[in-house]
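**Q** Here you go, coords.cif (mmCIF, C-alpha atoms and all ligand atoms):
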```
data_model
#
loop_
_atom_site.group_PDB
_atom_site.id
_atom_site.type_symbol
_atom_site.label_atom_id
_atom_site.label_comp_id
_atom_site.auth_asym_id
_atom_site.auth_seq_id
_atom_site.Cartn_x
_atom_site.Cartn_y
_atom_site.Cartn_z
ATOM 1 C CA MET A 1 18.856 17.018 -10.501
ATOM 2 C CA GLY A 2 19.764 15.743 -7.049
ATOM 3 C CA GLU A 3 23.247 17.285 -7.104
ATOM 4 C CA ALA A 4 21.956 20.582 -8.495
ATOM 5 C CA ASN A 5 19.172 20.890 -5.917
ATOM 6 C CA ALA A 6 21.478 19.874 -3.055
ATOM 7 C CA HIS A 7 23.789 22.767 -3.925
ATOM 8 C CA TYR A 8 20.872 25.108 -4.587
ATOM 9 C CA TYR A 9 19.171 24.564 -1.210
ATOM 10 C CA ALA A 10 22.428 24.346 0.749
ATOM 11 C CA THR A 11 23.481 27.833 -0.347
ATOM 12 C CA ARG A 12 20.369 30.038 -0.007
ATOM 13 C CA ASP A 13 16.866 30.690 1.256
ATOM 14 C CA PRO A 14 14.997 30.456 -2.072
ATOM 15 C CA LEU A 15 11.570 31.423 -0.735
ATOM 16 C CA GLY A 16 9.514 34.585 -0.987
ATOM 17 C CA GLU A 17 9.395 37.664 -3.160
ATOM 18 C CA GLU A 18 13.148 38.281 -2.956
ATOM 19 C CA GLY A 19 13.872 34.646 -3.781
ATOM 20 C CA ASP A 20 12.923 32.323 -6.616
ATOM 21 C CA PHE A 21 9.473 31.013 -5.670
ATOM 22 C CA THR A 22 6.697 31.400 -3.102
ATOM 23 C CA THR A 23 5.020 28.447 -1.391
ATOM 24 C CA ALA A 24 1.551 28.151 0.166
ATOM 25 C CA PRO A 25 2.679 28.721 3.792
ATOM 26 C CA GLU A 26 4.552 31.855 2.675
ATOM 27 C CA ILE A 27 1.398 33.178 0.978
ATOM 28 C CA SER A 28 -0.743 33.052 4.103
ATOM 29 C CA GLN A 29 -0.828 31.843 7.706
ATOM 30 C CA MET A 30 -4.136 30.170 6.773
ATOM 31 C CA PHE A 31 -2.388 27.337 4.936
ATOM 32 C CA GLY A 32 -0.417 26.143 7.977
ATOM 33 C CA GLU A 33 -3.463 26.704 10.171
ATOM 34 C CA MET A 34 -5.537 24.348 8.015
ATOM 35 C CA VAL A 35 -2.755 21.725 8.109
ATOM 36 C CA GLY A 36 -2.553 22.047 11.907
ATOM 37 C CA ALA A 37 -6.331 21.814 12.264
ATOM 38 C CA ALA A 38 -6.514 18.719 10.037
ATOM 39 C CA LEU A 39 -3.765 16.914 11.972
ATOM 40 C CA ALA A 40 -5.091 17.963 15.409
ATOM 41 C CA ASP A 41 -8.575 16.746 14.468
ATOM 42 C CA CYS A 42 -7.173 13.382 13.321
ATOM 43 C CA TRP A 43 -5.230 13.025 16.557
ATOM 44 C CA ASP A 44 -8.339 13.937 18.568
ATOM 45 C CA ARG A 45 -10.479 11.329 16.799
ATOM 46 C CA ALA A 46 -7.698 8.747 17.203
ATOM 47 C CA GLY A 47 -8.189 9.112 20.996
ATOM 48 C CA ARG A 48 -5.599 11.824 21.740
ATOM 49 C CA PRO A 49 -2.597 9.464 22.029
ATOM 50 C CA GLU A 50 0.404 10.649 24.066
ATOM 51 C CA ASN A 51 3.895 11.437 22.787
ATOM 52 C CA ALA A 52 2.737 12.479 19.310
ATOM 53 C CA ILE A 53 5.482 13.948 17.137
ATOM 54 C CA TYR A 54 5.049 16.785 14.644
ATOM 55 C CA ALA A 55 7.327 15.822 11.764
ATOM 56 C CA GLU A 56 7.928 17.958 8.711
ATOM 57 C CA LEU A 57 9.914 17.124 5.585
ATOM 58 C CA GLY A 58 11.688 20.117 4.020
ATOM 59 C CA PRO A 59 10.231 22.795 6.336
ATOM 60 C CA GLY A 60 11.684 25.763 4.416
ATOM 61 C CA ARG A 61 11.619 28.799 6.706
ATOM 62 C CA GLY A 62 9.608 26.944 9.378
ATOM 63 C CA THR A 63 6.524 29.046 8.629
ATOM 64 C CA LEU A 64 4.130 26.148 8.103
ATOM 65 C CA ALA A 65 5.304 24.595 11.381
ATOM 66 C CA THR A 66 4.744 27.888 13.254
ATOM 67 C CA ASP A 67 1.150 28.185 12.035
ATOM 68 C CA ALA A 68 0.315 24.475 12.370
ATOM 69 C CA LEU A 69 1.785 24.140 15.891
ATOM 70 C CA ARG A 70 -0.112 27.251 17.072
ATOM 71 C CA VAL A 71 -3.430 25.729 16.008
ATOM 72 C CA MET A 72 -2.480 22.349 17.471
ATOM 73 C CA ALA A 73 -1.703 23.985 20.838
ATOM 74 C CA GLN A 74 -5.181 25.550 20.832
ATOM 75 C CA ALA A 75 -6.531 21.992 20.501
ATOM 76 C CA GLY A 76 -4.466 20.824 23.513
ATOM 77 C CA LEU A 77 -1.830 19.144 21.351
ATOM 78 C CA ASN A 78 1.801 20.111 22.024
ATOM 79 C CA PRO A 79 3.966 17.632 20.107
ATOM 80 C CA GLU A 80 7.755 17.587 19.894
ATOM 81 C CA ALA A 81 8.816 18.959 16.495
ATOM 82 C CA HIS A 82 11.231 17.005 14.277
ATOM 83 C CA PHE A 83 12.420 18.342 10.940
ATOM 84 C CA VAL A 84 13.959 16.474 8.024
ATOM 85 C CA GLU A 85 16.149 19.068 6.339
ATOM 86 C CA THR A 86 19.494 18.884 4.590
ATOM 87 C CA SER A 87 20.154 22.592 3.944
ATOM 88 C CA PRO A 88 22.299 24.255 6.646
ATOM 89 C CA VAL A 89 20.967 27.676 5.628
ATOM 90 C CA LEU A 90 17.347 26.617 6.055
ATOM 91 C CA ARG A 91 18.108 24.628 9.224
ATOM 92 C CA GLU A 92 19.390 27.865 10.755
ATOM 93 C CA LEU A 93 16.221 29.788 9.799
ATOM 94 C CA GLN A 94 14.142 26.936 11.236
ATOM 95 C CA ARG A 95 16.206 26.949 14.450
ATOM 96 C CA GLN A 96 15.475 30.657 15.012
ATOM 97 C CA ARG A 97 11.733 29.947 14.983
ATOM 98 C CA HIS A 98 11.741 26.479 16.553
ATOM 99 C CA PRO A 99 14.723 26.368 18.927
ATOM 100 C CA SER A 100 13.653 23.134 20.611
ATOM 101 C CA ALA A 101 13.031 21.105 17.450
ATOM 102 C CA GLY A 102 15.177 18.155 16.375
ATOM 103 C CA TRP A 103 16.839 17.952 12.940
ATOM 104 C CA HIS A 104 17.451 14.823 10.884
ATOM 105 C CA SER A 105 18.722 13.872 7.450
ATOM 106 C CA SER A 106 16.140 11.120 7.121
ATOM 107 C CA LEU A 107 12.779 10.523 8.719
ATOM 108 C CA VAL A 108 13.849 7.042 9.836
ATOM 109 C CA ASP A 109 16.070 8.846 12.401
ATOM 110 C CA ILE A 110 13.149 10.530 14.218
ATOM 111 C CA PRO A 111 13.438 9.262 17.817
ATOM 112 C CA GLY A 112 10.816 7.760 20.113
ATOM 113 C CA ASP A 113 7.834 5.594 19.327
ATOM 114 C CA GLY A 114 4.922 8.087 19.493
ATOM 115 C CA PRO A 115 2.603 8.556 16.532
ATOM 116 C CA LEU A 116 3.752 10.766 13.653
ATOM 117 C CA LEU A 117 1.739 13.819 12.585
ATOM 118 C CA LEU A 118 3.710 14.462 9.437
ATOM 119 C CA VAL A 119 3.526 17.058 6.699
ATOM 120 C CA ALA A 120 5.479 17.513 3.465
ATOM 121 C CA ASN A 121 4.612 20.609 1.434
ATOM 122 C CA GLU A 122 6.478 21.098 -1.836
ATOM 123 C CA PHE A 123 9.058 18.548 -0.719
ATOM 124 C CA PHE A 124 8.555 15.635 -3.114
ATOM 125 C CA ASP A 125 8.692 17.881 -6.203
ATOM 126 C CA ALA A 126 12.298 18.791 -5.368
ATOM 127 C CA LEU A 127 13.497 15.179 -5.083
ATOM 128 C CA PRO A 128 15.269 13.964 -8.232
ATOM 129 C CA ILE A 129 13.624 12.042 -11.044
ATOM 130 C CA ARG A 130 14.821 10.039 -14.032
ATOM 131 C CA GLN A 131 13.353 10.363 -17.499
ATOM 132 C CA TRP A 132 13.006 7.597 -20.087
ATOM 133 C CA VAL A 133 12.218 7.604 -23.786
ATOM 134 C CA GLY A 134 11.026 4.075 -24.412
ATOM 135 C CA ASP A 135 13.642 1.836 -22.785
ATOM 136 C CA GLU A 136 16.399 4.396 -23.131
ATOM 137 C CA GLU A 137 17.208 6.742 -20.264
ATOM 138 C CA ARG A 138 17.214 10.421 -21.159
ATOM 139 C CA ARG A 139 20.550 11.614 -19.840
ATOM 140 C CA VAL A 140 22.410 14.903 -19.666
ATOM 141 C CA ALA A 141 25.636 15.262 -21.651
ATOM 142 C CA LEU A 142 28.171 17.999 -22.187
ATOM 143 C CA GLU A 143 28.411 19.465 -25.684
ATOM 144 C CA GLY A 144 31.132 22.077 -25.884
ATOM 145 C CA ASP A 145 30.475 24.240 -22.821
ATOM 146 C CA ARG A 146 26.782 23.527 -22.412
ATOM 147 C CA PHE A 147 24.572 20.690 -21.252
ATOM 148 C CA ILE A 148 22.241 18.911 -23.648
ATOM 149 C CA PHE A 149 19.764 16.032 -23.373
ATOM 150 C CA THR A 150 20.928 12.831 -25.059
ATOM 151 C CA ASN A 151 17.552 11.978 -26.558
ATOM 152 C CA ASP A 152 14.016 13.250 -27.040
ATOM 153 C CA GLY A 153 10.600 11.779 -27.627
ATOM 154 C CA LEU A 154 7.672 10.612 -25.514
ATOM 155 C CA ILE A 155 9.023 10.992 -22.019
ATOM 156 C CA ARG A 156 8.159 8.889 -18.994
ATOM 157 C CA GLU A 157 9.324 10.009 -15.557
ATOM 158 C CA GLU A 158 10.081 7.969 -12.466
ATOM 159 C CA SER A 159 11.598 8.682 -9.095
ATOM 160 C CA SER A 160 12.881 5.846 -6.951
ATOM 161 C CA LEU A 161 13.791 8.375 -4.227
ATOM 162 C CA ARG A 162 10.238 9.746 -3.987
ATOM 163 C CA GLU A 163 8.892 6.212 -3.768
ATOM 164 C CA ALA A 164 11.468 5.314 -1.109
ATOM 165 C CA VAL A 165 10.449 8.346 0.997
ATOM 166 C CA ALA A 166 6.759 7.386 0.637
ATOM 167 C CA ARG A 167 7.683 3.906 1.906
ATOM 168 C CA ASP A 168 9.679 5.400 4.820
ATOM 169 C CA ILE A 169 6.620 7.466 5.807
ATOM 170 C CA SER A 170 4.447 4.356 5.585
ATOM 171 C CA ALA A 171 6.844 2.223 7.625
ATOM 172 C CA GLY A 172 7.038 4.910 10.339
ATOM 173 C CA ILE A 173 3.271 5.268 10.510
ATOM 174 C CA ALA A 174 2.663 1.511 10.382
ATOM 175 C CA SER A 175 4.862 0.974 13.445
ATOM 176 C CA ARG A 176 4.137 4.178 15.437
ATOM 177 C CA GLY A 177 0.636 5.231 14.320
ATOM 178 C CA GLY A 178 -0.291 8.633 12.968
ATOM 179 C CA ALA A 179 -1.104 10.390 9.730
ATOM 180 C CA ALA A 180 0.852 12.200 7.021
ATOM 181 C CA LEU A 181 -0.291 14.951 4.674
ATOM 182 C CA ILE A 182 1.558 15.228 1.375
ATOM 183 C CA VAL A 183 0.862 18.443 -0.524
ATOM 184 C CA ASP A 184 2.456 19.126 -3.872
ATOM 185 C CA TYR A 185 1.858 20.077 -7.438
ATOM 186 C CA GLY A 186 1.287 17.100 -9.643
ATOM 187 C CA HIS A 187 -1.189 14.717 -11.151
ATOM 188 C CA LEU A 188 -3.748 12.257 -9.843
ATOM 189 C CA ARG A 189 -2.907 9.558 -12.391
ATOM 190 C CA SER A 190 0.412 8.488 -13.892
ATOM 191 C CA ALA A 191 0.862 9.941 -17.375
ATOM 192 C CA ILE A 192 3.440 10.312 -20.123
ATOM 193 C CA GLY A 193 5.077 13.722 -20.376
ATOM 194 C CA ASP A 194 8.070 15.910 -19.553
ATOM 195 C CA THR A 195 7.308 17.936 -16.410
ATOM 196 C CA LEU A 196 10.857 18.863 -15.394
ATOM 197 C CA GLN A 197 11.059 22.607 -14.833
ATOM 198 C CA ALA A 198 13.448 25.244 -13.562
ATOM 199 C CA VAL A 199 12.461 28.440 -11.798
ATOM 200 C CA GLN A 200 14.627 31.423 -10.989
ATOM 201 C CA GLY A 201 13.417 34.808 -9.767
ATOM 202 C CA HIS A 202 9.766 33.708 -10.164
ATOM 203 C CA ARG A 203 10.284 32.919 -13.870
ATOM 204 C CA TYR A 204 10.653 29.651 -15.754
ATOM 205 C CA ALA A 205 14.207 29.053 -16.897
ATOM 206 C CA ASP A 206 16.111 26.623 -19.141
ATOM 207 C CA VAL A 207 16.338 23.403 -17.070
ATOM 208 C CA LEU A 208 19.942 22.729 -18.114
ATOM 209 C CA ALA A 209 21.246 26.253 -17.508
ATOM 210 C CA ASN A 210 22.988 27.387 -14.304
ATOM 211 C CA PRO A 211 23.024 24.041 -12.454
ATOM 212 C CA GLY A 212 22.670 24.521 -8.698
ATOM 213 C CA GLU A 213 21.561 28.141 -9.090
ATOM 214 C CA GLN A 214 17.888 27.601 -9.944
ATOM 215 C CA ASP A 215 15.126 25.459 -8.479
ATOM 216 C CA LEU A 216 14.550 22.172 -10.318
ATOM 217 C CA THR A 217 11.238 20.395 -9.785
ATOM 218 C CA SER A 218 8.856 18.066 -11.543
ATOM 219 C CA HIS A 219 5.224 17.097 -11.104
ATOM 220 C CA VAL A 220 4.547 14.579 -8.360
ATOM 221 C CA ASP A 221 2.892 11.391 -9.599
ATOM 222 C CA PHE A 222 0.460 10.726 -6.727
ATOM 223 C CA GLU A 223 -0.762 7.441 -8.174
ATOM 224 C CA THR A 224 2.763 6.026 -8.042
ATOM 225 C CA LEU A 225 3.348 7.398 -4.518
ATOM 226 C CA ALA A 226 0.150 5.716 -3.283
ATOM 227 C CA ARG A 227 1.149 2.477 -4.982
ATOM 228 C CA ALA A 228 4.557 2.602 -3.294
ATOM 229 C CA THR A 229 2.824 2.387 0.103
ATOM 230 C CA GLU A 230 0.902 -0.792 -0.801
ATOM 231 C CA GLY A 231 1.706 -3.799 1.354
ATOM 232 C CA THR A 232 3.166 -1.665 4.154
ATOM 233 C CA GLY A 233 -0.008 -1.867 6.284
ATOM 234 C CA VAL A 234 -1.170 1.756 5.938
ATOM 235 C CA ALA A 235 -4.147 3.394 4.230
ATOM 236 C CA THR A 236 -4.048 6.313 1.801
ATOM 237 C CA ASP A 237 -6.741 8.971 1.294
ATOM 238 C CA GLY A 238 -7.162 11.245 -1.690
ATOM 239 C CA PRO A 239 -5.487 12.791 -3.510
ATOM 240 C CA VAL A 240 -7.881 15.727 -3.853
ATOM 241 C CA GLU A 241 -7.274 19.198 -5.226
ATOM 242 C CA GLN A 242 -5.800 21.660 -2.708
ATOM 243 C CA GLY A 243 -8.593 24.207 -3.217
ATOM 244 C CA GLN A 244 -11.329 21.694 -2.497
ATOM 245 C CA TRP A 245 -9.440 20.408 0.553
ATOM 246 C CA LEU A 246 -8.878 23.889 2.044
ATOM 247 C CA GLU A 247 -12.554 24.757 1.494
ATOM 248 C CA ALA A 248 -13.610 21.548 3.281
ATOM 249 C CA LEU A 249 -11.402 22.525 6.227
ATOM 250 C CA GLY A 250 -13.060 25.930 6.512
ATOM 251 C CA ILE A 251 -10.630 28.349 4.898
ATOM 252 C CA GLY A 252 -13.661 30.474 3.932
ATOM 253 C CA GLN A 253 -14.696 30.876 7.579
ATOM 254 C CA ARG A 254 -11.075 31.521 8.574
ATOM 255 C CA THR A 255 -10.762 34.258 5.920
ATOM 256 C CA ALA A 256 -13.923 35.880 7.303
ATOM 257 C CA ALA A 257 -12.676 35.667 10.908
ATOM 258 C CA LEU A 258 -9.282 37.186 10.082
ATOM 259 C CA THR A 259 -10.983 39.942 8.078
ATOM 260 C CA LYS A 260 -13.287 40.742 10.975
ATOM 261 C CA ALA A 261 -10.341 40.955 13.376
ATOM 262 C CA SER A 262 -8.229 43.127 11.004
ATOM 263 C CA PRO A 263 -10.584 44.894 8.545
ATOM 264 C CA ASN A 264 -7.704 46.937 7.102
ATOM 265 C CA ARG A 265 -6.125 43.672 5.844
ATOM 266 C CA ALA A 266 -9.323 42.317 4.234
ATOM 267 C CA ALA A 267 -8.003 42.534 0.653
ATOM 268 C CA GLU A 268 -4.830 40.636 1.617
ATOM 269 C CA PHE A 269 -6.761 37.756 3.238
ATOM 270 C CA VAL A 270 -9.212 37.443 0.345
ATOM 271 C CA ALA A 271 -6.398 37.537 -2.234
ATOM 272 C CA ALA A 272 -4.505 34.838 -0.329
ATOM 273 C CA LYS A 273 -7.553 32.591 -0.205
ATOM 274 C CA VAL A 274 -8.068 33.014 -3.957
ATOM 275 C CA ARG A 275 -4.421 32.236 -4.665
ATOM 276 C CA LEU A 276 -4.484 29.073 -2.532
ATOM 277 C CA CYS A 277 -7.916 27.800 -3.652
ATOM 278 C CA ASP A 278 -8.748 29.078 -7.125
ATOM 279 C CA SER A 279 -8.267 26.828 -10.160
ATOM 280 C CA SER A 280 -6.582 29.720 -11.962
ATOM 281 C CA ALA A 281 -3.869 29.751 -9.266
ATOM 282 C CA MET A 282 -2.775 26.874 -6.977
ATOM 283 C CA GLY A 283 -6.212 25.367 -6.243
ATOM 284 C CA SER A 284 -6.320 22.605 -8.876
ATOM 285 C CA LEU A 285 -2.697 22.019 -9.794
ATOM 286 C CA PHE A 286 -1.771 21.241 -6.179
ATOM 287 C CA LYS A 287 -3.045 18.011 -4.655
ATOM 288 C CA VAL A 288 -3.304 16.667 -1.107
ATOM 289 C CA MET A 289 -2.919 13.019 -0.176
ATOM 290 C CA ALA A 290 -2.847 11.337 3.232
ATOM 291 C CA ILE A 291 -1.003 8.256 4.411
ATOM 292 C CA ARG A 292 -2.391 7.045 7.748
ATOM 293 C CA HIS A 293 -2.404 4.126 10.135
ATOM 294 C CA GLY A 294 -5.375 1.812 9.531
ATOM 295 C CA ASP A 295 -6.697 2.534 13.043
ATOM 296 C CA TRP A 296 -6.616 6.308 12.465
ATOM 297 C CA PRO A 297 -9.488 8.211 10.825
ATOM 298 C CA ALA A 298 -9.200 9.734 7.366
ATOM 299 C CA PRO A 299 -8.257 13.436 7.650
ATOM 300 C CA VAL A 300 -11.098 15.923 7.036
ATOM 301 C CA GLY A 301 -11.560 16.717 3.360
ATOM 302 C CA LEU A 302 -9.962 13.441 2.257
ATOM 303 C CA GLU A 303 -12.701 11.002 3.304
ATOM 304 C CA ARG A 304 -13.888 8.635 0.604
HETATM 305 N N1 LIG A 401 7.954 23.169 2.772
HETATM 306 C C1 LIG A 401 8.495 24.501 2.629
HETATM 307 C C2 LIG A 401 9.734 24.566 1.724
HETATM 308 C C3 LIG A 401 9.598 23.960 0.332
HETATM 309 S S1 LIG A 401 11.128 24.052 -0.580
HETATM 310 C C4 LIG A 401 7.429 25.460 2.161
HETATM 311 O O1 LIG A 401 6.366 24.988 1.771
HETATM 312 O O2 LIG A 401 7.646 26.673 2.178
HETATM 313 C C5 LIG A 401 11.807 22.419 -0.376
HETATM 314 C C6 LIG A 401 12.340 22.110 1.006
HETATM 315 O O3 LIG A 401 12.847 20.762 1.002
HETATM 316 C C7 LIG A 401 13.491 22.982 1.471
HETATM 317 O O4 LIG A 401 13.403 23.145 2.864
HETATM 318 C C8 LIG A 401 14.719 22.137 1.071
HETATM 319 O O5 LIG A 401 15.887 22.492 1.746
HETATM 320 C C9 LIG A 401 14.222 20.757 1.424
HETATM 321 N N2 LIG A 401 14.883 19.662 0.708
HETATM 322 C C10 LIG A 401 15.060 19.563 -0.635
HETATM 323 N N3 LIG A 401 15.644 18.396 -0.943
HETATM 324 C C11 LIG A 401 15.805 17.720 0.228
HETATM 325 C C12 LIG A 401 16.345 16.428 0.583
HETATM 326 N N4 LIG A 401 16.812 15.605 -0.348
HETATM 327 N N5 LIG A 401 16.342 16.080 1.891
HETATM 328 C C13 LIG A 401 15.834 16.916 2.837
HETATM 329 N N6 LIG A 401 15.328 18.131 2.565
HETATM 330 C C14 LIG A 401 15.314 18.538 1.281
#
```
Take the structure in the file and give it back as structure tokens.

**A**
Amino acid sequence: MGEANAHYYATRDPLGEEGDFTTAPEISQMFGEMVGAALADCWDRAGRPENAIYAELGPGRGTLATDALRVMAQAGLNPEAHFVETSPVLRELQRQRHPSAGWHSSLVDIPGDGPLLLVANEFFDALPIRQWVGDEERRVALEGDRFIFTNDGLIREESSLREAVARDISAGIASRGGAALIVDYGHLRSAIGDTLQAVQGHRYADVLANPGEQDLTSHVDFETLARATEGTGVATDGPVEQGQWLEALGIGQRTAALTKASPNRAAEFVAAKVRLCDSSAMGSLFKVMAIRHGDWPAPVGLER
């Protein structure tokens, strides 16, 4: 999964109608605006510390960063931007929109000691997992000219890489301060089940077909991510459903304001809000969780 996705992302921009899948920031500017507002508000209530860093993991086309940084600037927050991105194709797209950002292969390389305002949207789902049937790993083997799974049954998934990244976020925030928002599709509680999926051209595909040419993801187990941060000196908030979180941040008011400013685009704004918030679309499947320094407030919409 790791090798296939590394090739996949290194060789294309997979996002948008022409690509394989569409993410929340590509649906509407409102998504990045809500992220920016949530992080700016946290920073404000933390006493507006200096040298804050906007850090994003897997920033795609840089769209979320554009919308979030615009809202942050309106709140008097102008952080340096640092991106964790491995794909040269996507780094180039990000560079066109954010020429002064810094790029890193790992978030432990982000320079300075200022607090992190971090976001990862649809990043964890792309990091590789392992599957187990009982005590036996479910592996991929070659049979003739096609790949097959070595075993089947009740499948349990785990991802040491996802847990390691959650711990890296925690360690960074524990030493520098700040807050991180993790947004992804997945479940609140750990559960048994096979969630590995492949998407190509906006359709589900055979997960073992065309390695490196289709997007491989699996559900993010938020309970395990939160547990991975235990003992690192940070707090976690949520997870809550994306729809509920966006509503708490005022996406309804933002939809109304955009509609008032551009009445000819009203249908587009309303449709985007429905797609991001409704249970029939992304609203329930996607979850939001925060990791924050103990001295920082819980982000809006994620308070206990
Ligand atoms: N956050 C963006 C893009 C999501 S797609 C959006 O919401 O639109 C996943 C992103 O993570 C891409 O930018 C991809 O290149 C990046 N990525 C995937 N695996 C990665 C890895 N192991 N290290 C760093 N970046 C990775």

**Q** Go through A:Thr11, A:Gln74, A:Thr236, A:Ser87 one by one, measure the shortest atom-to-atom distance of each to ligand LIG 401 (chain A) using only C-alpha atoms and all ligand atoms, and give the residue with the smallest value.

**A**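 Looking only at the distances to ligand LIG 401 (chain A), the closest residue turns out to be A:Ser87.
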
**Q** Translate the PyMOL selection byres (((chain A and resi 281-288) around 7) and not hetatm), as applied to the file shown, into an explicit residue set as JSON, numbers by chain.

**A** {"A": [181, 182, 183, 184, 185, 186, 238, 239, 240, 241, 242, 243, 275, 276, 277, 278, 279, 280, 289, 290]}

**Q** Store the residues picked out above, limited to C-alpha atoms, as a short mmCIF file (atom, residue, chain, number, x, y, z; two decimals), in the coordinates of the input.

**A**
```cif
data_model
loop_
_atom_site.label_atom_id
_atom_site.label_comp_id
_atom_site.auth_asym_id
_atom_site.auth_seq_id
_atom_site.Cartn_x
_atom_site.Cartn_y
_atom_site.Cartn_z
CA LEU A 181 -0.29 14.95 4.67
CA ILE A 182 1.56 15.23 1.38
CA VAL A 183 0.86 18.44 -0.52
CA ASP A 184 2.46 19.13 -3.87
CA TYR A 185 1.86 20.08 -7.44
CA GLY A 186 1.29 17.10 -9.64
CA GLY A 238 -7.16 11.24 -1.69
CA PRO A 239 -5.49 12.79 -3.51
CA VAL A 240 -7.88 15.73 -3.85
CA GLU A 241 -7.27 19.20 -5.23
CA GLN A 242 -5.80 21.66 -2.71
CA GLY A 243 -8.59 24.21 -3.22
CA ARG A 275 -4.42 32.24 -4.66
CA LEU A 276 -4.48 29.07 -2.53
CA CYS A 277 -7.92 27.80 -3.65
CA ASP A 278 -8.75 29.08 -7.12
CA SER A 279 -8.27 26.83 -10.16
CA SER A 280 -6.58 29.72 -11.96
CA MET A 289 -2.92 13.02 -0.18
CA ALA A 290 -2.85 11.34 3.23
#
```

**Q** Taking only C-alpha atoms and all ligand atoms and a cut-off of 9 Å, can you tell me which residues surround ligand LIG 401 (chain A), written as a ChimeraX atom specification?

**A** /A:2,5-6,8-10,12-16,21-26,56-64,83-91,104-106,119-128,161,183,215

**Q** Using only C-alpha atoms, which protein or nucleic acid residues come within 10 Å of Ile169 in chain A? Drop anything in the same chain fewer than 4 positions from it, and give the result as a ChimeraX atom specification.

**A** /A:107-108,116,118,163-165,173-174,179-180,229,232,234,291-292

**Q** Using the chain letters and numbers from the file, give me the residues hit by the PyMOL selection byres (((chain A and resi 254-259) around 9) and not hetatm), as a ChimeraX atom specification.

**A** /A:30,250-253,260-270,272-273

**Q** Within 10 Å of (3.7, 16.2, -20.1) (coordinates as in the file), grab all the protein and nucleic acid residues, counting all atoms listed in the file, and write them out as a list in words.

**A**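 Here the neighbourhood of the point contains Leu154, Ile155, Arg156, Glu157, Ala191, Ile192, Gly193, Asp194, Thr195, Leu196 and His219 of chain A.
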
**Q** Where does the PyMOL selection byres (((chain A and resi 199-211) around 7) and not hetatm) land in this file, that is, which residues does it pick, as a PyMOL selection string?

**A** chain A and resi 4+19-21+147+197-198+212-216
